[in-house]
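Shown next: upload.cif, given as mmCIF, C-alpha atoms.
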data_run
loop_
_atom_site.label_atom_id
_atom_site.label_comp_id
_atom_site.auth_asym_id
_atom_site.auth_seq_id
_atom_site.Cartn_x
_atom_site.Cartn_y
_atom_site.Cartn_z
CA MET A 25 0.00 0.00 0.00
CA SER A 26 1.48 3.28 -1.00
CA LYS A 27 -0.86 5.61 0.86
CA LYS A 28 -0.73 5.44 4.66
CA TRP A 29 -3.83 3.90 6.22
CA LYS A 30 -5.32 6.67 8.34
CA TYR A 31 -7.11 5.07 11.27
CA LYS A 32 -6.68 7.74 13.96
CA ASP A 33 -10.40 8.60 13.99
CA ILE A 34 -11.46 4.94 13.66
CA ASP A 35 -13.89 5.25 16.61
CA LYS A 36 -16.09 7.53 14.52
CA TRP A 37 -16.13 5.31 11.43
CA GLY A 38 -19.42 3.87 10.21
CA PRO A 39 -19.66 0.21 9.15
CA GLY A 40 -18.91 1.04 5.51
CA ARG A 41 -15.44 2.43 6.03
CA HIS A 42 -13.74 -0.65 7.47
CA GLU A 43 -11.91 -3.05 5.17
CA PRO A 44 -13.83 -6.27 4.42
CA GLY A 45 -13.19 -8.92 7.09
CA GLY A 46 -11.59 -6.39 9.42
CA THR A 47 -8.34 -6.56 7.47
CA ILE A 48 -5.57 -4.23 8.62
CA PRO A 49 -4.08 -2.93 5.34
CA GLU A 50 -0.86 -1.60 6.89
CA SER A 51 1.85 -3.54 8.72
CA GLY A 52 3.38 -2.80 12.10
CA THR A 53 0.73 -0.33 13.30
CA ALA A 54 1.12 -1.61 16.89
CA GLU A 55 4.12 0.68 17.11
CA ASP A 56 1.64 3.51 17.65
CA TYR A 57 0.22 1.75 20.70
CA LYS A 58 2.27 2.51 23.79
CA THR A 59 2.57 -0.20 26.45
CA GLY A 60 5.10 1.71 28.57
CA GLY A 61 2.37 2.53 31.09
CA TRP A 62 2.29 -1.12 32.24
CA ARG A 63 5.69 -0.72 33.85
CA THR A 64 6.34 -0.77 37.59
CA GLU A 65 10.12 -0.96 37.19
CA ARG A 66 12.26 0.73 34.58
CA PRO A 67 15.48 -0.61 33.04
CA VAL A 68 18.42 1.80 33.26
CA ARG A 69 21.55 1.02 31.26
CA ASP A 70 25.08 1.79 32.32
CA GLN A 71 26.73 2.67 29.01
CA GLU A 72 30.25 2.15 30.32
CA LYS A 73 29.64 -1.40 31.48
CA CYS A 74 27.78 -2.40 28.30
CA ASN A 75 29.84 -4.04 25.56
CA ASP A 76 27.03 -4.42 22.98
CA CYS A 77 26.90 -8.22 23.23
CA MET A 78 23.24 -8.18 22.08
CA ILE A 79 22.01 -10.79 24.58
CA CYS A 80 19.36 -8.39 25.92
CA PHE A 81 18.30 -7.51 22.37
CA PHE A 82 17.46 -11.12 21.55
CA ALA A 83 15.83 -11.72 24.95
CA CYS A 84 13.49 -8.70 24.89
CA PRO A 85 9.82 -9.62 24.32
CA ASP A 86 8.81 -6.06 23.41
CA SER A 87 11.41 -5.12 20.80
CA ALA A 88 12.36 -2.29 23.14
CA ILE A 89 16.15 -2.54 22.86
CA ARG A 90 17.12 -0.25 19.98
CA VAL A 91 20.19 -1.24 17.99
CA GLU A 92 21.82 0.72 15.19
CA ASN A 93 24.88 -0.47 13.26
CA GLY A 94 25.76 -3.12 15.84
CA LYS A 95 25.58 -0.68 18.77
CA LEU A 96 22.94 -0.60 21.47
CA VAL A 97 21.45 2.90 21.19
CA ASP A 98 18.82 3.12 23.92
CA ILE A 99 15.81 1.43 25.51
CA ASP A 100 12.42 2.31 24.06
CA LEU A 101 10.47 3.26 27.19
CA GLY A 102 7.32 3.78 25.14
CA HIS A 103 6.98 0.03 24.63
CA CYS A 104 9.03 -1.53 27.47
CA LYS A 105 6.70 -3.31 29.91
CA GLY A 106 9.37 -3.55 32.58
CA CYS A 107 9.55 -7.35 32.78
CA GLY A 108 13.23 -7.20 33.81
CA ILE A 109 14.50 -9.97 31.51
CA CYS A 110 17.23 -7.65 30.11
CA ALA A 111 18.60 -6.97 33.61
CA GLN A 112 18.44 -10.70 34.43
CA VAL A 113 20.30 -11.91 31.32
CA CYS A 114 22.99 -9.20 31.25
CA PRO A 115 26.35 -10.90 31.96
CA ARG A 116 27.98 -7.59 32.97
CA ASP A 117 25.20 -6.20 35.19
CA ALA A 118 24.94 -3.18 32.92
CA ILE A 119 21.14 -2.93 33.25
CA LYS A 120 19.49 -2.18 36.60
CA MET A 121 15.77 -2.08 37.33
CA GLU A 122 14.67 1.10 39.10
CA ASP A 123 11.35 2.07 40.65
CA GLU A 124 9.13 3.58 37.95
CA THR A 125 7.22 6.00 40.20
CA ARG A 126 10.40 7.47 41.57
CA ALA A 127 11.95 7.73 38.11
CA ARG A 128 8.88 9.56 36.82
CA LYS A 129 8.88 12.01 39.72
CA GLU A 130 12.52 12.78 39.05
CA GLU A 131 11.73 13.29 35.37
CA GLU A 132 9.01 15.78 36.29
CA LYS A 133 11.45 17.76 38.42
CA VAL A 134 13.79 18.14 35.48
CA MET B 26 24.59 -17.52 9.93
CA ALA B 27 25.30 -13.81 10.10
CA ARG B 28 26.82 -12.40 13.27
CA PRO B 29 24.33 -11.53 16.03
CA LYS B 30 25.24 -7.82 15.81
CA GLU B 31 24.44 -7.80 12.13
CA ILE B 32 21.12 -9.56 12.69
CA ALA B 33 20.25 -7.11 15.48
CA SER B 34 20.81 -4.16 13.15
CA ARG B 35 18.20 -5.42 10.67
CA PRO B 36 14.72 -3.86 10.68
CA GLU B 37 12.43 -5.30 13.35
CA ARG B 38 9.90 -7.89 12.06
CA LEU B 39 7.65 -7.89 15.14
CA THR B 40 7.15 -4.42 16.58
CA GLY B 41 6.59 -3.46 20.21
CA GLY B 42 3.14 -2.37 21.31
CA HIS B 43 1.60 -5.86 21.18
CA ARG B 44 -0.44 -6.77 24.24
CA LEU B 45 1.33 -9.97 25.37
CA CYS B 46 2.21 -10.15 29.09
CA ALA B 47 5.41 -8.62 30.40
CA GLY B 48 8.02 -11.39 30.31
CA CYS B 49 6.13 -13.62 27.82
CA GLY B 50 8.31 -16.16 26.01
CA ALA B 51 6.35 -16.20 22.74
CA PRO B 52 7.44 -12.82 21.26
CA ILE B 53 11.07 -13.59 22.17
CA ASN B 54 10.87 -16.73 20.05
CA VAL B 55 9.03 -15.01 17.22
CA ARG B 56 11.54 -12.15 17.08
CA GLN B 57 14.51 -14.49 17.01
CA ILE B 58 12.98 -16.69 14.30
CA MET B 59 11.73 -13.86 12.09
CA SER B 60 15.04 -11.98 12.36
CA VAL B 61 16.73 -14.67 10.22
CA CYS B 62 13.91 -15.02 7.67
CA PRO B 63 15.70 -14.42 4.36
CA GLY B 64 12.89 -12.52 2.60
CA PRO B 65 9.31 -11.31 2.83
CA ALA B 66 7.12 -13.82 4.63
CA VAL B 67 3.50 -14.78 5.03
CA VAL B 68 2.73 -15.75 8.60
CA SER B 69 -0.25 -17.81 9.66
CA VAL B 70 -0.99 -17.95 13.37
CA ALA B 71 -3.23 -20.41 15.18
CA THR B 72 -5.64 -18.98 17.72
CA GLY B 73 -3.85 -18.36 20.98
CA CYS B 74 -2.11 -15.70 23.03
CA LEU B 75 0.20 -14.75 20.16
CA GLU B 76 -2.58 -14.30 17.60
CA VAL B 77 -4.96 -12.49 19.94
CA SER B 78 -2.44 -10.11 21.46
CA THR B 79 -0.44 -9.14 18.39
CA THR B 80 -3.41 -8.24 16.19
CA ILE B 81 -5.87 -6.20 18.21
CA TYR B 82 -7.76 -4.13 15.65
CA PRO B 83 -6.67 -1.64 14.27
CA TYR B 84 -3.18 -2.55 15.45
CA THR B 85 -0.90 -5.30 14.18
CA ALA B 86 2.59 -5.95 15.46
CA TRP B 87 3.58 -7.94 12.35
CA LYS B 88 5.71 -6.36 9.66
CA ASP B 89 4.92 -9.29 7.36
CA SER B 90 1.55 -10.36 5.98
CA MET B 91 -0.33 -12.17 8.69
CA ILE B 92 -3.31 -14.44 8.23
CA HIS B 93 -5.51 -16.13 10.80
CA SER B 94 -8.56 -18.20 10.12
CA ALA B 95 -9.32 -20.66 12.92
CA PHE B 96 -7.78 -22.54 15.83
CA GLU B 97 -7.19 -25.88 14.14
CA ASN B 98 -6.00 -24.91 10.69
CA ALA B 99 -2.90 -22.68 10.91
CA ALA B 100 -0.97 -25.31 8.92
CA ALA B 101 -3.75 -25.82 6.34
CA THR B 102 -4.09 -22.04 5.88
CA ILE B 103 -0.40 -21.53 5.19
CA CYS B 104 -0.48 -24.46 2.73
CA GLY B 105 -3.22 -22.69 0.78
CA VAL B 106 -1.20 -19.48 0.69
CA GLU B 107 1.91 -21.36 -0.39
CA THR B 108 0.04 -23.17 -3.17
CA ALA B 109 -1.45 -19.89 -4.42
CA TYR B 110 2.05 -18.38 -4.44
CA ARG B 111 3.43 -21.28 -6.49
CA SER B 112 0.62 -20.92 -8.99
CA LEU B 113 1.10 -17.15 -9.32
CA ARG B 114 4.83 -17.62 -9.71
CA LYS B 115 4.26 -20.15 -12.50
CA GLN B 116 2.01 -17.65 -14.25
CA GLY B 117 4.71 -15.01 -13.94
CA ARG B 118 2.64 -12.72 -11.74
CA ILE B 119 5.12 -12.83 -8.81
CA ASP B 120 8.87 -12.94 -9.20
CA LYS B 121 10.02 -12.53 -5.61
CA ASP B 122 11.16 -15.33 -3.30
CA MET B 123 8.73 -15.58 -0.42
CA TYR B 124 8.75 -17.58 2.79
CA PHE B 125 5.89 -19.20 4.66
CA VAL B 126 5.70 -19.63 8.41
CA ALA B 127 3.00 -20.88 10.74
CA PHE B 128 3.07 -20.23 14.46
CA GLY B 129 0.94 -22.23 16.86
CA GLY B 130 0.85 -22.64 20.60
CA ASP B 131 0.94 -26.09 22.13
CA GLY B 132 -2.86 -26.21 22.21
CA GLY B 133 -3.09 -25.34 18.53
CA THR B 134 -0.35 -27.82 17.60
CA TYR B 135 -0.29 -30.82 19.96
CA ASP B 136 -4.06 -31.16 20.22
CA ILE B 137 -6.38 -29.08 18.07
CA GLY B 138 -4.20 -28.44 15.01
CA LEU B 139 -2.49 -31.83 14.85
CA GLN B 140 -4.40 -33.24 11.89
CA ALA B 141 -3.94 -30.06 9.84
CA LEU B 142 -0.20 -30.10 10.60
CA SER B 143 0.10 -33.80 9.84
CA GLY B 144 -1.67 -33.35 6.50
CA ALA B 145 0.38 -30.30 5.58
CA VAL B 146 3.75 -31.93 6.16
CA GLU B 147 2.63 -35.14 4.46
CA ARG B 148 1.72 -33.17 1.32
CA GLY B 149 5.20 -31.66 1.43
CA HIS B 150 4.43 -27.95 1.21
CA ASN B 151 7.43 -25.67 1.51
CA PHE B 152 6.83 -23.98 4.86
CA VAL B 153 8.11 -23.76 8.42
CA TYR B 154 5.86 -24.66 11.32
CA VAL B 155 6.86 -23.28 14.70
CA CYS B 156 5.22 -24.50 17.89
CA TYR B 157 5.83 -22.25 20.88
CA ASP B 158 5.24 -24.65 23.71
CA ASN B 159 4.19 -23.11 27.02
CA GLY B 160 2.64 -26.29 28.32
CA ALA B 161 -1.09 -25.51 28.61
CA TYR B 162 -3.95 -23.48 27.10
CA MET B 163 -2.66 -20.28 28.68
CA ASN B 164 -4.81 -17.88 26.64
CA THR B 165 -8.08 -19.16 28.11
CA GLY B 166 -6.79 -19.45 31.66
CA PHE B 167 -4.55 -22.53 32.01
CA GLN B 168 -6.34 -25.68 30.90
CA ARG B 169 -4.30 -28.85 30.47
CA SER B 170 -3.05 -29.74 26.98
CA GLY B 171 -1.13 -32.62 25.45
CA ALA B 172 2.05 -30.68 26.22
CA THR B 173 1.41 -30.16 29.94
CA PRO B 174 4.07 -32.02 31.96
CA CYS B 175 3.11 -34.65 34.51
CA GLY B 176 2.37 -33.22 37.96
CA ALA B 177 1.52 -29.70 36.80
CA TRP B 178 -1.43 -27.82 38.19
CA THR B 179 -3.93 -26.47 35.65
CA THR B 180 -7.60 -25.57 36.06
CA THR B 181 -8.62 -28.86 34.42
CA SER B 182 -6.04 -30.94 36.30
CA PRO B 183 -6.62 -29.44 39.75
CA VAL B 184 -4.70 -30.24 42.90
CA GLY B 185 -6.39 -31.67 45.99
CA LYS B 186 -6.68 -34.74 48.21
CA GLU B 187 -7.35 -37.06 45.29
CA SER B 188 -5.11 -35.51 42.66
CA TYR B 189 -1.57 -34.18 42.30
CA GLY B 190 -2.23 -32.31 39.04
CA LYS B 191 -1.86 -33.85 35.60
CA THR B 192 -1.28 -37.59 35.91
CA GLN B 193 -0.14 -38.30 32.34
CA ASN B 194 3.17 -37.56 30.67
CA ARG B 195 3.48 -35.09 27.81
CA LYS B 196 3.20 -36.00 24.17
CA ASP B 197 6.51 -36.15 22.29
CA LEU B 198 5.51 -34.02 19.33
CA ALA B 199 8.95 -33.71 17.72
CA GLU B 200 9.05 -37.52 17.40
CA ILE B 201 5.60 -37.53 15.77
CA LEU B 202 6.95 -35.12 13.17
CA VAL B 203 10.11 -37.20 12.74
CA ALA B 204 7.83 -40.13 11.97
CA HIS B 205 6.41 -38.13 9.04
CA ASP B 206 9.90 -38.31 7.54
CA ILE B 207 10.09 -34.60 6.71
CA PRO B 208 13.39 -32.84 5.83
CA TYR B 209 13.90 -30.98 9.11
CA VAL B 210 12.67 -31.27 12.69
CA ALA B 211 14.31 -29.45 15.59
CA THR B 212 13.72 -28.42 19.19
CA ALA B 213 15.14 -25.15 20.49
CA SER B 214 15.09 -22.72 23.37
CA PRO B 215 15.23 -18.90 23.38
CA HIS B 216 18.06 -18.75 25.96
CA ASN B 217 20.43 -20.14 23.31
CA PHE B 218 19.58 -17.62 20.60
CA LYS B 219 22.43 -18.59 18.30
CA ASP B 220 21.23 -22.20 18.23
CA LEU B 221 17.60 -21.16 17.71
CA MET B 222 18.41 -18.72 14.90
CA ASN B 223 20.71 -21.26 13.27
CA LYS B 224 17.90 -23.81 13.26
CA ALA B 225 15.36 -21.25 12.03
CA GLU B 226 17.66 -20.28 9.15
CA LYS B 227 18.12 -23.94 8.24
CA ALA B 228 14.36 -24.47 8.38
CA PHE B 229 13.67 -21.49 6.09
CA ASN B 230 16.15 -22.77 3.52
CA MET B 231 14.87 -26.39 3.50
CA PRO B 232 13.13 -27.37 0.27
CA GLY B 233 10.07 -28.78 1.99
CA PRO B 234 8.31 -28.74 5.34
CA ALA B 235 10.31 -28.00 8.48
CA PHE B 236 9.16 -28.10 12.06
CA LEU B 237 10.53 -26.27 15.10
CA ASN B 238 9.40 -26.97 18.65
CA VAL B 239 10.43 -24.09 20.90
CA ILE B 240 10.00 -23.85 24.67
CA SER B 241 8.21 -20.67 25.70
CA PRO B 242 7.99 -20.07 29.46
CA CYS B 243 4.74 -18.42 30.55
CA PRO B 244 5.03 -16.29 33.72
CA ARG B 245 1.25 -16.31 34.36
CA GLY B 246 0.64 -20.02 33.82
CA TRP B 247 3.86 -21.33 35.29
CA ARG B 248 3.41 -19.00 38.28
CA THR B 249 6.90 -17.51 37.99
CA PRO B 250 8.27 -13.94 38.07
CA GLY B 251 8.38 -12.25 34.64
CA ASP B 252 12.13 -11.71 34.61
CA GLN B 253 12.87 -15.47 34.98
CA THR B 254 11.64 -16.44 31.49
CA ILE B 255 15.06 -16.94 29.92
CA ALA B 256 16.58 -18.46 33.09
CA LEU B 257 13.78 -21.06 33.23
CA ALA B 258 14.22 -21.96 29.56
CA LYS B 259 17.92 -22.47 30.24
CA GLU B 260 17.30 -24.67 33.24
CA ALA B 261 14.75 -26.76 31.33
CA VAL B 262 17.51 -27.55 28.83
CA GLN B 263 20.14 -28.25 31.50
CA SER B 264 17.87 -30.71 33.29
CA CYS B 265 17.18 -32.52 29.97
CA TYR B 266 13.46 -31.79 30.34
CA TRP B 267 13.81 -29.95 27.02
CA PRO B 268 16.70 -31.52 25.05
CA LEU B 269 18.05 -29.48 22.15
CA TYR B 270 18.32 -31.64 19.06
CA GLU B 271 17.69 -31.62 15.34
CA VAL B 272 16.77 -34.32 12.85
CA GLU B 273 17.88 -33.58 9.30
CA TYR B 274 16.65 -36.12 6.75
CA GLY B 275 16.35 -38.73 9.50
CA LYS B 276 19.80 -38.05 10.97
CA TYR B 277 19.72 -37.19 14.68
CA LYS B 278 22.07 -34.62 16.19
CA ILE B 279 21.96 -33.49 19.83
CA ASN B 280 23.10 -29.86 20.04
CA TYR B 281 23.60 -29.68 23.78
CA LYS B 282 24.71 -32.53 26.02
CA PRO B 283 25.16 -31.50 29.65
CA ARG B 284 28.14 -33.16 31.31
CA PRO B 285 26.97 -35.61 34.00
CA GLU B 286 27.98 -33.25 36.80
CA LYS B 287 26.21 -30.32 35.11
CA LYS B 288 22.91 -32.12 34.47
CA THR B 289 20.56 -30.72 37.11
CA PRO B 290 17.69 -32.68 38.68
CA VAL B 291 14.39 -31.73 37.10
CA ALA B 292 13.02 -31.05 40.60
CA ASP B 293 15.31 -27.98 40.85
CA TRP B 294 13.61 -26.52 37.80
CA MET B 295 10.13 -27.47 39.02
CA LYS B 296 10.69 -25.94 42.46
CA LYS B 297 10.90 -22.47 40.91
CA GLN B 298 7.42 -22.75 39.43
CA GLY B 299 4.19 -22.24 41.35
CA ARG B 300 2.36 -24.80 39.20
CA PHE B 301 4.47 -27.58 40.78
CA ALA B 302 4.48 -26.17 44.37
CA HIS B 303 2.18 -28.93 45.69
CA LEU B 304 4.66 -31.65 44.65
CA PHE B 305 7.15 -30.44 47.25
CA LYS B 306 4.77 -31.08 50.15
CA PRO B 307 5.22 -34.38 52.05
CA GLY B 308 3.64 -37.42 50.41
CA ASN B 309 4.53 -36.60 46.81
CA GLU B 310 8.11 -37.89 46.77
CA GLN B 311 7.14 -40.82 44.57
CA VAL B 312 5.63 -38.52 41.92
CA LEU B 313 8.87 -36.53 41.73
CA GLU B 314 10.88 -39.73 41.40
CA ASP B 315 8.62 -40.98 38.61
CA ILE B 316 8.96 -37.68 36.72
CA GLN B 317 12.77 -37.80 37.02
CA ALA B 318 12.80 -41.44 35.87
CA TYR B 319 10.65 -40.58 32.84
CA ILE B 320 12.92 -37.66 31.85
CA ASP B 321 16.03 -39.84 32.24
CA ARG B 322 14.49 -42.59 30.13
CA LYS B 323 13.60 -40.14 27.32
CA TRP B 324 17.14 -38.68 27.45
CA GLU B 325 18.74 -42.15 27.26
CA GLU B 326 16.48 -42.99 24.31
CA LEU B 327 17.58 -39.83 22.54
CA LEU B 328 21.26 -40.58 23.10
CA LYS B 329 20.74 -44.04 21.62
CA LYS B 330 18.87 -42.61 18.63
CA GLU B 331 21.75 -40.24 17.93
CA GLU B 332 24.14 -43.17 18.08
CA CYS B 333 22.13 -45.46 15.81
CA LEU B 334 20.42 -43.12 13.32
#

When written as structure tokens, how does the structure in this file appear?
Amino acid sequence: MSKKWKYKDIDKWGPGRHEPGGTIPESGTAEDYKTGGWRTERPVRDQEKCNDCMICFFACPDSAIRVENGKLVDIDLGHCKGCGICAQVCPRDAIKMEDETRARKEEEKV
Amino acid sequence: MARPKEIASRPERLTGGHRLCAGCGAPINVRQIMSVCPGPAVVSVATGCLEVSTTIYPYTAWKDSMIHSAFENAAATICGVETAYRSLRKQGRIDKDMYFVAFGGDGGTYDIGLQALSGAVERGHNFVYVCYDNGAYMNTGFQRSGATPCGAWTTTSPVGKESYGKTQNRKDLAEILVAHDIPYVATASPHNFKDLMNKAEKAFNMPGPAFLNVISPCPRGWRTPGDQTIALAKEAVQSCYWPLYEVEYGKYKINYKPRPEKKTPVADWMKKQGRFAHLFKPGNEQVLEDIQAYIDRKWEELLKKEECL
């Protein structure tokens, strides 16, 4: 599909506007849905300890570890559900889980 | 296989924003498998957690075409797509190489979808079937399936005075597929991602049906903390509950053999899961012994198969 499927106002659509069979004509739209609000703990990465081994990338259920050109760039907090697998599998203890409420309060201060 | 760093730099095939539980094993498996898919793919998913949570309208987490029709026919559906593709290619209306994958949970593979899968591999369609095995019907609230291990609590194998959970042993699905004499059958675990991606790549490049059985720990159903998913998969392999092996054209190869001193008792792995908690109360020692004896027997059998076949 060349034109982007505009579904932002989908709540207001009548029955005629949906694709037959409820087909979703565009791929990967779930990226627009943020699951970061599920989190009670937030992963924080220590860049100096990390050696880009990619174990956490392959172990993440939410595709939240962003990698560019073989380097770990950051953690996508919009989608991370805070399961803590990345911190558990890290062989160098470079990821720590921190309390989400406290982290948010500190963010607000800044 | 390409280096892990190179694979990690490729575009993501399953995006975030799906509604699977925090710490679920299924998307880990799907991401690892799809990351080595050599071209555009059509994915068919059997009804289950993965299908329901990744495609909540109007959102889809799949970057490839995804099709779902019913619980029992993920394999039959992908066969239809594959046949249509072959016809279109013959007519010159498609010139791209495409790949076909079906994902099913253990309910949709061991029990409900077994006849569709059996038929599909017997007809020899060129596709990969992946079973992510979490050991029960987790999507509907933990009912026992053919993959549930002996002794496990589920809502339909309850625990009480008269019962210690499921009384039967699990079905050995990989062996059923081996009996179909298909080009490639393998079992894998997400903790060993290099092994899993290697097997997935092999499966994609096989000229014919390939089957992967992948362990997929379920924090809700196994009653475990969400961050233990990978650790539990690893321990399942170390205790030989989930041996890693592949069968290529009838030739067995075990990919991981724990040294005798490293092979952990299966009870150590079970102790960490709430669904087996009742087995560690007094009076159930015999059940634990029987489970260990069964696992040891299956492991010995596998070693012999590797030797002879």

Selection near Cys74 (chain A), 8 Å with all atoms listed in the file, sequence-local residues under 3 positions removed, as a PDB file with C-alpha atoms, in the frame of the given file:
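Saved the output as around-v3.pdb:
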ATOM      1  CA  ARG A  69      21.550   1.020  31.260  1.00  0.00           C
ATOM      2  CA  ASP A  70      25.080   1.790  32.320  1.00  0.00           C
ATOM      3  CA  GLN A  71      26.730   2.670  29.010  1.00  0.00           C
ATOM      4  CA  CYS A  77      26.900  -8.220  23.230  1.00  0.00           C
ATOM      5  CA  ARG A 116      27.980  -7.590  32.970  1.00  0.00           C
ATOM      6  CA  ALA A 118      24.940  -3.180  32.920  1.00  0.00           C
TER       7      ALA A 118
END

Grab the CA of Thr47 (chain A) to CA of Pro36 (chain B) distance for me, in Å with one decimal place. 23.4 Å

Enumerate as a PyMOL selection string the residues belonging to chain B that approach chain A to within 9 Å, with all atoms listed in the file taken into account. chain B and resi 29-35+37-57+79-91+215-216+218+250-256

Return as number ranges by chain the set of residues that the PyMOL selection byres ((chain B and resi 319-326) around 12) yields on the displayed structure. B: 174-175, 193-197, 200, 261-270, 277, 279, 281-283, 285, 288-292, 312-318, 327-334

Quick check, in Å to one decimal: how far apart do CA of Asp123 (chain A) and CA of Pro242 (chain B) lie?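 Separation of CA of Asp123 (chain A) and CA of Pro242 (chain B): 25.0 Å.
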
Shell around Asn230 (chain B) at 12 Å using all atoms listed in the file, local window under 6 positions removed, as a list in words: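 Using all atoms listed in the file, the neighbours found are Met26, Val61, Cys62, Pro63, Gly64, Asp122, Met123, Tyr124, Phe125, Val126, Asn151, Phe152, Val153, Pro208, Tyr209, Asn223 and Lys224 of chain B.
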
Closest of B:Val106, B:Met231, B:Val203, B:Ala177 to Gln298 (chain B) - atom-to-atom distances counting all atoms listed in the file: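 Checking each candidate against Gln298 (chain B), we get B:Ala177 as the closest.
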